Amino acid sequence: MPESNDSVGAREFEDQMNEIKRIGPPVPIVVRGAEYDLSVELNAMPSPAWRRTFHAPDEWKEPCHPSRITVKNHVLIFTSEEGLVPLWIEQIDKWIAAANQKHSDVTRSAVTPEVADGDDRRRKLQEVADRLKNL
């Protein structure tokens with residue numbers, strides 16, 4: 001049985017609400033010579049599954065790689081020279097979008113059969129109830 005537009009819309013809304021987003025510019029927190037430790041705030045604390053996806057991107061540009069980023073609660077922390085910060089932010093935004101998409105796909109594929117099974121069970125119960133209502 002296909003999902004109703006309401007349940008599809010609700011799932012898309014929930015996915016959007018659970019998306020991780022960068023909510024501000026990088027903020028320097030430590031300086032060591034020409035390098036800075038920078039923090040980037042996120043809208044929510046990523047789940048462990050999302051973090052694993054984020055740290056394993058399909059693409060990156062040297063020297064930027066998410067393995068060089070620490071995720072602490074809802075903050076990303078990385079070290080960079082000032083001139084490379086725009087490249088880091090460009091890459092971070094791509095990795096966040098990719099992690100959101102992959103995490104959403106995995107979550108949806110894991111949830112969809114369960115939802116379909118629940119709809120099927122309710123339909124079968126209703127059919128049996130209709131057949132038995134005159135007994």
# chains A, B, ... in the order shown; residues from 1 in each chain; ligands from 1
$ residues_around --residues "region 56-69 of chain A" --least-positions-apart "3" --cutoff "9 Å" --atoms "only C-alpha atoms" --output "list in words"
Arg51, Arg52, Thr53, Leu76, Ile77, Phe78, Thr79, Ser80, Leu84, Leu87, Trp88, Gln91, Ile92, Trp95, Ala98 and Ala99 of chain A
$ residues_around --residues "His103 (chain A)" --least-positions-apart "3" --cutoff "8 Å" --atoms "only C-alpha atoms" --output "PyMOL selection string"
chain A and resi 49-50+53+99-100+106-107
$ write_last_selection --atoms "N, CA and C atoms" --output "compact mmCIF listing (two decimals), in the first residue's frame"
# COMPACT_ATOMS: atom_id res chain seq x y z
N ALA A 49 25.84 8.05 14.04
CA ALA A 49 25.75 7.58 12.65
C ALA A 49 26.04 8.72 11.68
N TRP A 50 25.50 9.90 11.96
CA TRP A 50 25.75 11.05 11.10
C TRP A 50 27.24 11.40 11.11
N THR A 53 29.25 9.15 8.90
CA THR A 53 29.04 9.51 7.49
C THR A 53 29.81 10.78 7.14
N ALA A 99 26.42 14.28 4.22
CA ALA A 99 26.11 13.47 5.40
C ALA A 99 24.61 13.51 5.69
N ASN A 100 23.99 14.69 5.55
CA ASN A 100 22.54 14.79 5.74
C ASN A 100 21.81 13.89 4.75
N VAL A 106 19.52 6.47 4.56
CA VAL A 106 19.62 5.28 5.40
C VAL A 106 18.44 5.22 6.37
N THR A 107 18.12 6.34 6.97
CA THR A 107 17.00 6.39 7.92
C THR A 107 15.70 6.05 7.21
$ residues_around --residues "Pro25 (chain A)" --least-positions-apart "5" --cutoff "12 Å" --atoms "only C-alpha atoms" --output "VMD selection string"
chain A and resid 38 to 42 75 to 76 85 to 86 88 to 90 92 to 93
$ write_last_selection --atoms "C-alpha atoms" --output "mmCIF file, in the first residue's frame"
data_model
loop_
_atom_site.group_PDB
_atom_site.id
_atom_site.type_symbol
_atom_site.label_atom_id
_atom_site.label_comp_id
_atom_site.auth_asym_id
_atom_site.auth_seq_id
_atom_site.Cartn_x
_atom_site.Cartn_y
_atom_site.Cartn_z
ATOM 1 C CA LEU A 38 38.502 27.499 14.566
ATOM 2 C CA SER A 39 35.061 26.484 15.716
ATOM 3 C CA VAL A 40 31.953 26.225 13.570
ATOM 4 C CA GLU A 41 28.618 26.001 15.344
ATOM 5 C CA LEU A 42 25.935 23.562 14.200
ATOM 6 C CA VAL A 75 30.517 22.368 17.300
ATOM 7 C CA LEU A 76 33.093 21.443 14.657
ATOM 8 C CA VAL A 85 39.585 28.917 5.865
ATOM 9 C CA PRO A 86 37.277 29.659 2.861
ATOM 10 C CA TRP A 88 37.590 24.545 4.646
ATOM 11 C CA ILE A 89 34.143 26.144 4.948
ATOM 12 C CA GLU A 90 33.270 25.240 1.349
ATOM 13 C CA ILE A 92 32.536 21.503 5.418
ATOM 14 C CA ASP A 93 29.286 22.706 3.844
#
$ closest_residue --among "A:Asp120, A:Glu82, A:Asp105, A:Asp130" --to "Pro26 (chain A)" --atoms "only C-alpha atoms"
A:Glu82
$ decode --residues "region 14-116 of chain A" --atoms "C-alpha atoms" --output "short mmCIF file (atom, residue, chain, number, x, y, z; two decimals), in the first residue's frame"
data_model
loop_
_atom_site.label_atom_id
_atom_site.label_comp_id
_atom_site.auth_asym_id
_atom_site.auth_seq_id
_atom_site.Cartn_x
_atom_site.Cartn_y
_atom_site.Cartn_z
CA GLU A 14 11.00 15.53 10.07
CA ASP A 15 14.07 14.91 7.89
CA GLN A 16 14.47 18.65 7.39
CA MET A 17 14.10 19.29 11.11
CA ASN A 18 16.81 16.68 11.84
CA GLU A 19 19.22 18.04 9.24
CA ILE A 20 22.49 19.31 10.60
CA LYS A 21 23.31 22.83 9.44
CA ARG A 22 26.17 25.25 9.98
CA ILE A 23 24.65 28.26 11.74
CA GLY A 24 27.46 30.74 11.72
CA PRO A 25 30.88 31.71 10.45
CA PRO A 26 34.06 30.08 11.72
CA VAL A 27 35.27 31.61 14.96
CA PRO A 28 38.98 31.59 15.85
CA ILE A 29 39.50 30.18 19.33
CA VAL A 30 43.29 29.61 19.50
CA VAL A 31 46.25 31.02 17.55
CA ARG A 32 49.60 29.24 17.14
CA GLY A 33 51.89 31.13 14.80
CA ALA A 34 50.17 31.25 11.40
CA GLU A 35 47.59 28.59 12.32
CA TYR A 36 44.27 29.01 14.06
CA ASP A 37 41.95 26.58 15.78
CA LEU A 38 38.50 27.50 14.57
CA SER A 39 35.06 26.48 15.72
CA VAL A 40 31.95 26.23 13.57
CA GLU A 41 28.62 26.00 15.34
CA LEU A 42 25.94 23.56 14.20
CA ASN A 43 22.18 23.78 14.77
CA ALA A 44 22.10 20.45 16.64
CA MET A 45 24.33 17.75 18.02
CA PRO A 46 24.93 15.15 15.28
CA SER A 47 24.17 11.51 15.98
CA PRO A 48 27.00 8.98 16.00
CA ALA A 49 25.75 7.58 12.65
CA TRP A 50 25.75 11.05 11.10
CA ARG A 51 29.28 11.68 12.41
CA ARG A 52 30.55 8.46 10.82
CA THR A 53 29.04 9.51 7.49
CA PHE A 54 30.46 13.03 7.80
CA HIS A 55 33.96 11.70 8.52
CA ALA A 56 33.91 9.43 5.41
CA PRO A 57 33.26 11.78 2.46
CA ASP A 58 33.32 10.71 -1.18
CA GLU A 59 35.34 13.81 -2.12
CA TRP A 60 37.73 16.26 -0.48
CA LYS A 61 40.46 18.72 -1.38
CA GLU A 62 43.84 18.67 0.32
CA PRO A 63 44.60 19.73 2.96
CA CYS A 64 40.92 19.69 3.98
CA HIS A 65 39.59 16.36 5.19
CA PRO A 66 36.98 15.72 7.88
CA SER A 67 39.36 13.39 9.69
CA ARG A 68 41.08 16.64 10.73
CA ILE A 69 37.85 17.93 12.30
CA THR A 70 36.75 17.24 15.86
CA VAL A 71 33.01 17.15 16.56
CA LYS A 72 32.23 18.28 20.11
CA ASN A 73 28.53 18.37 20.91
CA HIS A 74 27.17 20.82 18.30
CA VAL A 75 30.52 22.37 17.30
CA LEU A 76 33.09 21.44 14.66
CA ILE A 77 36.71 22.33 15.51
CA PHE A 78 39.56 22.36 13.00
CA THR A 79 43.00 23.92 12.52
CA SER A 80 43.88 26.02 9.49
CA GLU A 81 45.93 28.87 8.15
CA GLU A 82 43.76 31.94 7.59
CA GLY A 83 44.07 31.76 3.78
CA LEU A 84 42.64 28.22 3.69
CA VAL A 85 39.58 28.92 5.87
CA PRO A 86 37.28 29.66 2.86
CA LEU A 87 38.23 26.29 1.33
CA TRP A 88 37.59 24.55 4.65
CA ILE A 89 34.14 26.14 4.95
CA GLU A 90 33.27 25.24 1.35
CA GLN A 91 34.27 21.64 2.02
CA ILE A 92 32.54 21.50 5.42
CA ASP A 93 29.29 22.71 3.84
CA LYS A 94 29.55 20.00 1.16
CA TRP A 95 30.33 17.30 3.73
CA ILE A 96 27.41 18.39 5.91
CA ALA A 97 25.01 18.28 2.94
CA ALA A 98 26.32 14.86 1.86
CA ALA A 99 26.11 13.47 5.40
CA ASN A 100 22.54 14.79 5.74
CA GLN A 101 21.54 13.17 2.45
CA LYS A 102 23.16 9.81 3.20
CA HIS A 103 21.84 9.79 6.76
CA SER A 104 18.35 10.62 5.49
CA ASP A 105 18.51 7.87 2.85
CA VAL A 106 19.62 5.28 5.40
CA THR A 107 17.00 6.39 7.92
CA ARG A 108 14.25 6.38 5.29
CA SER A 109 15.17 2.92 3.98
CA ALA A 110 15.25 1.56 7.52
CA VAL A 111 11.90 3.13 8.46
CA THR A 112 9.85 2.69 5.29
CA PRO A 113 9.29 -1.11 5.52
CA GLU A 114 8.27 -0.73 9.13
CA VAL A 115 5.72 1.95 8.25
CA ALA A 116 4.41 -0.14 5.36
#
